[in-house]
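These notes are about the structure you will find just below.
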Amino acid sequence: QVQLVESGGGLVQPGGSLRLSCAASGIIVSIYTMNWYRQAPGKQRELVATIPSLGNPNYADSSKGRFTISRDNAKNTVYLQMSSLKPEDTAVYYCHTNRRNRDYWGQGTQVTVSS
């Protein structure tokens, strides 16, 4: 059974930083593409960052240069380091992967950027 558990969200001021974590079980994060998505109120869920099993991470234009996706294979965990946060980054952030043509999502973690 694949489980993805996000943590690390919270309230942060504009310009601040947060690191989100996605602890995985039932799947080895180093051999699957892992993704971070976000969904703001009233908006569609959008892809933020991707880390493939091989190759370089990819980022949405909105997160490029400010966010960094990484993984710790020993902890089987994927991270999203977010810096220079803006109010428009406010959203629920979800960890995602696809295995055998089935999508798996975490429960999400709320990030609120506000002064």
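Labeling convention for the structure tokens: chains A, B, ... as they appear, residues from 1 per chain, ligands from 1 in order of appearance.
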With only C-alpha atoms as the counted atoms, please give the residues lying no more than 10 Å from segment 12-22 of chain A, apart from itself and same-chain residues fewer than 5 positions off, as an mmCIF file with N, CA and C atoms, in the first residue's frame.
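And here is the file that came out, result.cif:
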data_model
loop_
_atom_site.group_PDB
_atom_site.id
_atom_site.type_symbol
_atom_site.label_atom_id
_atom_site.label_comp_id
_atom_site.auth_asym_id
_atom_site.auth_seq_id
_atom_site.Cartn_x
_atom_site.Cartn_y
_atom_site.Cartn_z
ATOM 1 N N GLN A 3 1.683 5.005 0.587
ATOM 2 C CA GLN A 3 1.227 6.136 1.405
ATOM 3 C C GLN A 3 2.234 7.271 1.286
ATOM 4 N N LEU A 4 1.695 8.467 1.135
ATOM 5 C CA LEU A 4 2.508 9.678 1.077
ATOM 6 C C LEU A 4 1.995 10.615 2.170
ATOM 7 N N VAL A 5 2.884 11.051 3.035
ATOM 8 C CA VAL A 5 2.477 11.896 4.160
ATOM 9 C C VAL A 5 3.287 13.180 4.129
ATOM 10 N N GLU A 6 2.579 14.287 3.882
ATOM 11 C CA GLU A 6 3.245 15.586 3.834
ATOM 12 C C GLU A 6 3.281 16.235 5.209
ATOM 13 N N SER A 7 4.268 17.073 5.394
ATOM 14 C CA SER A 7 4.374 17.869 6.615
ATOM 15 C C SER A 7 5.222 19.097 6.316
ATOM 16 N N VAL A 29 11.181 6.074 -3.324
ATOM 17 C CA VAL A 29 11.128 7.370 -4.001
ATOM 18 C C VAL A 29 12.254 7.539 -5.011
ATOM 19 N N MET A 34 8.708 11.686 -8.594
ATOM 20 C CA MET A 34 7.928 12.255 -7.488
ATOM 21 C C MET A 34 7.622 13.710 -7.801
ATOM 22 N N ASN A 35 6.429 14.122 -7.462
ATOM 23 C CA ASN A 35 5.961 15.455 -7.812
ATOM 24 C C ASN A 35 5.401 16.191 -6.603
ATOM 25 N N TRP A 36 5.504 17.496 -6.651
ATOM 26 C CA TRP A 36 4.779 18.381 -5.737
ATOM 27 C C TRP A 36 3.778 19.179 -6.563
ATOM 28 N N ARG A 66 13.093 29.737 -7.059
ATOM 29 C CA ARG A 66 12.727 29.962 -5.651
ATOM 30 C C ARG A 66 12.533 28.655 -4.892
ATOM 31 N N PHE A 67 12.109 27.606 -5.604
ATOM 32 C CA PHE A 67 11.826 26.319 -4.981
ATOM 33 C C PHE A 67 12.863 25.297 -5.429
ATOM 34 N N THR A 68 13.162 24.361 -4.541
ATOM 35 C CA THR A 68 14.072 23.271 -4.863
ATOM 36 C C THR A 68 13.481 21.958 -4.381
ATOM 37 N N ILE A 69 13.341 21.017 -5.299
ATOM 38 C CA ILE A 69 12.868 19.681 -4.943
ATOM 39 C C ILE A 69 14.076 18.763 -4.791
ATOM 40 N N SER A 70 14.010 17.901 -3.789
ATOM 41 C CA SER A 70 15.117 16.973 -3.563
ATOM 42 C C SER A 70 14.565 15.733 -2.869
ATOM 43 N N ARG A 71 15.413 14.735 -2.713
ATOM 44 C CA ARG A 71 14.985 13.534 -2.001
ATOM 45 C C ARG A 71 16.152 12.988 -1.184
ATOM 46 N N ASN A 76 13.736 7.811 2.494
ATOM 47 C CA ASN A 76 12.613 7.613 1.566
ATOM 48 C C ASN A 76 11.647 8.792 1.608
ATOM 49 N N THR A 77 12.202 9.969 1.551
ATOM 50 C CA THR A 77 11.446 11.207 1.718
ATOM 51 C C THR A 77 11.822 12.194 0.612
ATOM 52 N N VAL A 78 10.821 12.923 0.165
ATOM 53 C CA VAL A 78 11.011 13.973 -0.829
ATOM 54 C C VAL A 78 10.745 15.313 -0.158
ATOM 55 N N TYR A 79 11.525 16.301 -0.533
ATOM 56 C CA TYR A 79 11.402 17.624 0.071
ATOM 57 C C TYR A 79 11.090 18.683 -0.979
ATOM 58 N N LEU A 80 10.481 19.752 -0.520
ATOM 59 C CA LEU A 80 10.323 20.941 -1.335
ATOM 60 C C LEU A 80 10.772 22.119 -0.480
ATOM 61 N N GLN A 81 11.942 22.651 -0.797
ATOM 62 C CA GLN A 81 12.446 23.822 -0.123
ATOM 63 C C GLN A 81 11.938 25.050 -0.853
ATOM 64 N N MET A 82 11.216 25.890 -0.138
ATOM 65 C CA MET A 82 10.605 27.068 -0.747
ATOM 66 C C MET A 82 11.195 28.317 -0.102
ATOM 67 N N SER A 83 11.637 29.249 -0.921
ATOM 68 C CA SER A 83 12.177 30.494 -0.414
ATOM 69 C C SER A 83 11.568 31.666 -1.179
ATOM 70 N N SER A 84 11.819 32.858 -0.671
ATOM 71 C CA SER A 84 11.250 34.075 -1.272
ATOM 72 C C SER A 84 9.756 33.908 -1.510
ATOM 73 N N LEU A 85 9.072 33.401 -0.518
ATOM 74 C CA LEU A 85 7.653 33.093 -0.673
ATOM 75 C C LEU A 85 6.822 34.346 -0.862
ATOM 76 N N LYS A 86 5.777 34.184 -1.678
ATOM 77 C CA LYS A 86 4.880 35.282 -2.017
ATOM 78 C C LYS A 86 3.466 34.918 -1.571
ATOM 79 N N PRO A 87 2.604 35.901 -1.385
ATOM 80 C CA PRO A 87 1.215 35.585 -1.023
ATOM 81 C C PRO A 87 0.546 34.652 -2.033
ATOM 82 N N GLU A 88 0.911 34.761 -3.292
ATOM 83 C CA GLU A 88 0.304 33.889 -4.312
ATOM 84 C C GLU A 88 0.785 32.453 -4.230
ATOM 85 N N ASP A 89 1.755 32.170 -3.359
ATOM 86 C CA ASP A 89 2.155 30.784 -3.119
ATOM 87 C C ASP A 89 1.235 30.096 -2.109
ATOM 88 N N THR A 90 0.324 30.844 -1.528
ATOM 89 C CA THR A 90 -0.627 30.274 -0.576
ATOM 90 C C THR A 90 -1.476 29.200 -1.246
ATOM 91 N N TYR A 93 -0.412 22.094 -0.478
ATOM 92 C CA TYR A 93 0.636 21.448 -1.265
ATOM 93 C C TYR A 93 0.523 19.933 -1.102
ATOM 94 N N TYR A 94 0.564 19.237 -2.242
ATOM 95 C CA TYR A 94 0.387 17.798 -2.267
ATOM 96 C C TYR A 94 1.602 17.107 -2.880
ATOM 97 N N CYS A 95 1.945 15.986 -2.285
ATOM 98 C CA CYS A 95 2.947 15.096 -2.860
ATOM 99 C C CYS A 95 2.223 14.088 -3.747
ATOM 100 N N HIS A 96 2.849 13.700 -4.836
ATOM 101 C CA HIS A 96 2.183 12.816 -5.809
ATOM 102 C C HIS A 96 3.198 11.906 -6.481
ATOM 103 N N GLY A 106 -0.810 12.476 -1.335
ATOM 104 C CA GLY A 106 -0.845 12.656 0.096
ATOM 105 C C GLY A 106 -2.079 13.452 0.488
ATOM 106 N N GLY A 108 -2.029 16.388 1.845
ATOM 107 C CA GLY A 108 -1.795 17.806 1.646
ATOM 108 C C GLY A 108 -1.351 18.511 2.908
ATOM 109 N N THR A 109 -0.627 19.606 2.728
ATOM 110 C CA THR A 109 -0.206 20.448 3.845
ATOM 111 C C THR A 109 -0.417 21.904 3.436
ATOM 112 N N GLN A 110 -1.024 22.667 4.339
ATOM 113 C CA GLN A 110 -1.393 24.052 4.026
ATOM 114 C C GLN A 110 -0.187 24.969 4.183
ATOM 115 N N VAL A 111 0.029 25.792 3.169
ATOM 116 C CA VAL A 111 1.032 26.853 3.228
ATOM 117 C C VAL A 111 0.309 28.181 3.056
ATOM 118 N N THR A 112 0.486 29.061 4.020
ATOM 119 C CA THR A 112 -0.128 30.374 3.965
ATOM 120 C C THR A 112 0.959 31.436 4.064
ATOM 121 N N VAL A 113 1.018 32.290 3.060
ATOM 122 C CA VAL A 113 2.010 33.359 3.026
ATOM 123 C C VAL A 113 1.279 34.679 3.232
ATOM 124 N N SER A 114 1.493 35.276 4.390
ATOM 125 C CA SER A 114 0.750 36.486 4.735
ATOM 126 C C SER A 114 1.495 37.258 5.809
ATOM 127 N N SER A 115 1.351 38.563 5.762
ATOM 128 C CA SER A 115 1.942 39.401 6.803
ATOM 129 C C SER A 115 0.922 39.677 7.898
#
| message | Residues within 6 Å of segment 51-53 of chain A, please, as a VMD selection string. Count only C-alpha atoms; anything in the same chain fewer than 2 positions from it doesn't count. | response | chain A and resid 30 to 34 57
Preceding selection exported with N, CA and C atoms as a PDB file, in the first residue's frame:
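In the end it all went to result09.pdb:
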ATOM      1  N   SER A  30      13.333   6.780  -4.853  1.00  0.00           N
ATOM      2  CA  SER A  30      14.462   6.956  -5.765  1.00  0.00           C
ATOM      3  C   SER A  30      14.219   6.345  -7.132  1.00  0.00           C
ATOM      4  N   ILE A  31      13.222   5.472  -7.267  1.00  0.00           N
ATOM      5  CA  ILE A  31      13.012   4.811  -8.559  1.00  0.00           C
ATOM      6  C   ILE A  31      11.735   5.250  -9.248  1.00  0.00           C
ATOM      7  N   TYR A  32      11.024   6.177  -8.633  1.00  0.00           N
ATOM      8  CA  TYR A  32       9.816   6.726  -9.252  1.00  0.00           C
ATOM      9  C   TYR A  32       9.924   8.239  -9.358  1.00  0.00           C
ATOM     10  N   THR A  33       9.277   8.780 -10.355  1.00  0.00           N
ATOM     11  CA  THR A  33       9.144  10.224 -10.446  1.00  0.00           C
ATOM     12  C   THR A  33       8.226  10.703  -9.324  1.00  0.00           C
ATOM     13  N   MET A  34       8.708  11.686  -8.594  1.00  0.00           N
ATOM     14  CA  MET A  34       7.928  12.255  -7.488  1.00  0.00           C
ATOM     15  C   MET A  34       7.622  13.710  -7.801  1.00  0.00           C
ATOM     16  N   PRO A  57      15.717  17.764 -11.920  1.00  0.00           N
ATOM     17  CA  PRO A  57      14.375  18.203 -11.549  1.00  0.00           C
ATOM     18  C   PRO A  57      13.836  19.229 -12.548  1.00  0.00           C
TER      19      PRO A  57
END
| task | Could you give me, as a list in words, the residues within 9 Å of Arg99 of chain A, counting only C-alpha atoms and dropping anything in the same chain fewer than 3 positions from it? | result | Ile27, Tyr32, Arg102, Asp103 and Tyr104 of chain A
| From A:Ser25, A:Tyr59, A:Ala91, A:Leu11, residue lying nearest Ala40 of chain A [only C-alpha atoms] |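 Distance minimum relative to Ala40 of chain A lands on A:Ala91.
When atom CA of Leu47 of chain A is paired with atom CA of Asn73 of chain A, their separation reads 22.2 Å.
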| Where in segment 2-93 of chain A does DSSP assign strand (DSSP E), given as a ChimeraX atom specification? | /A:3-7,10-12,18-25,34-39,46-51,58-59,67-72,77-82,91-93
| What gap, in Å, lies between atom CA of Gly65 of chain A and atom CA of Gly10 of chain A? | 21.2 Å
| message | I need the helix (DSSP H, G or I) residues of chain A per DSSP on the backbone, written as a VMD selection string. | response | chain A and resid 29 to 31 87 to 89
Only C-alpha atoms, please: the residues just picked out, written as a PDB file, in the first residue's frame.
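Okay, this is what ended up in part-v9.pdb:
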ATOM      1  CA  VAL A  29      11.128   7.370  -4.001  1.00  0.00           C
ATOM      2  CA  SER A  30      14.462   6.956  -5.765  1.00  0.00           C
ATOM      3  CA  ILE A  31      13.012   4.811  -8.559  1.00  0.00           C
ATOM      4  CA  PRO A  87       1.215  35.585  -1.023  1.00  0.00           C
ATOM      5  CA  GLU A  88       0.304  33.889  -4.312  1.00  0.00           C
ATOM      6  CA  ASP A  89       2.155  30.784  -3.119  1.00  0.00           C
TER       7      ASP A  89
END
| field | Between atom CA of Tyr37 of chain A and atom CA of Asn58 of chain A - distance in Å to one decimal | value | 12.4 Å
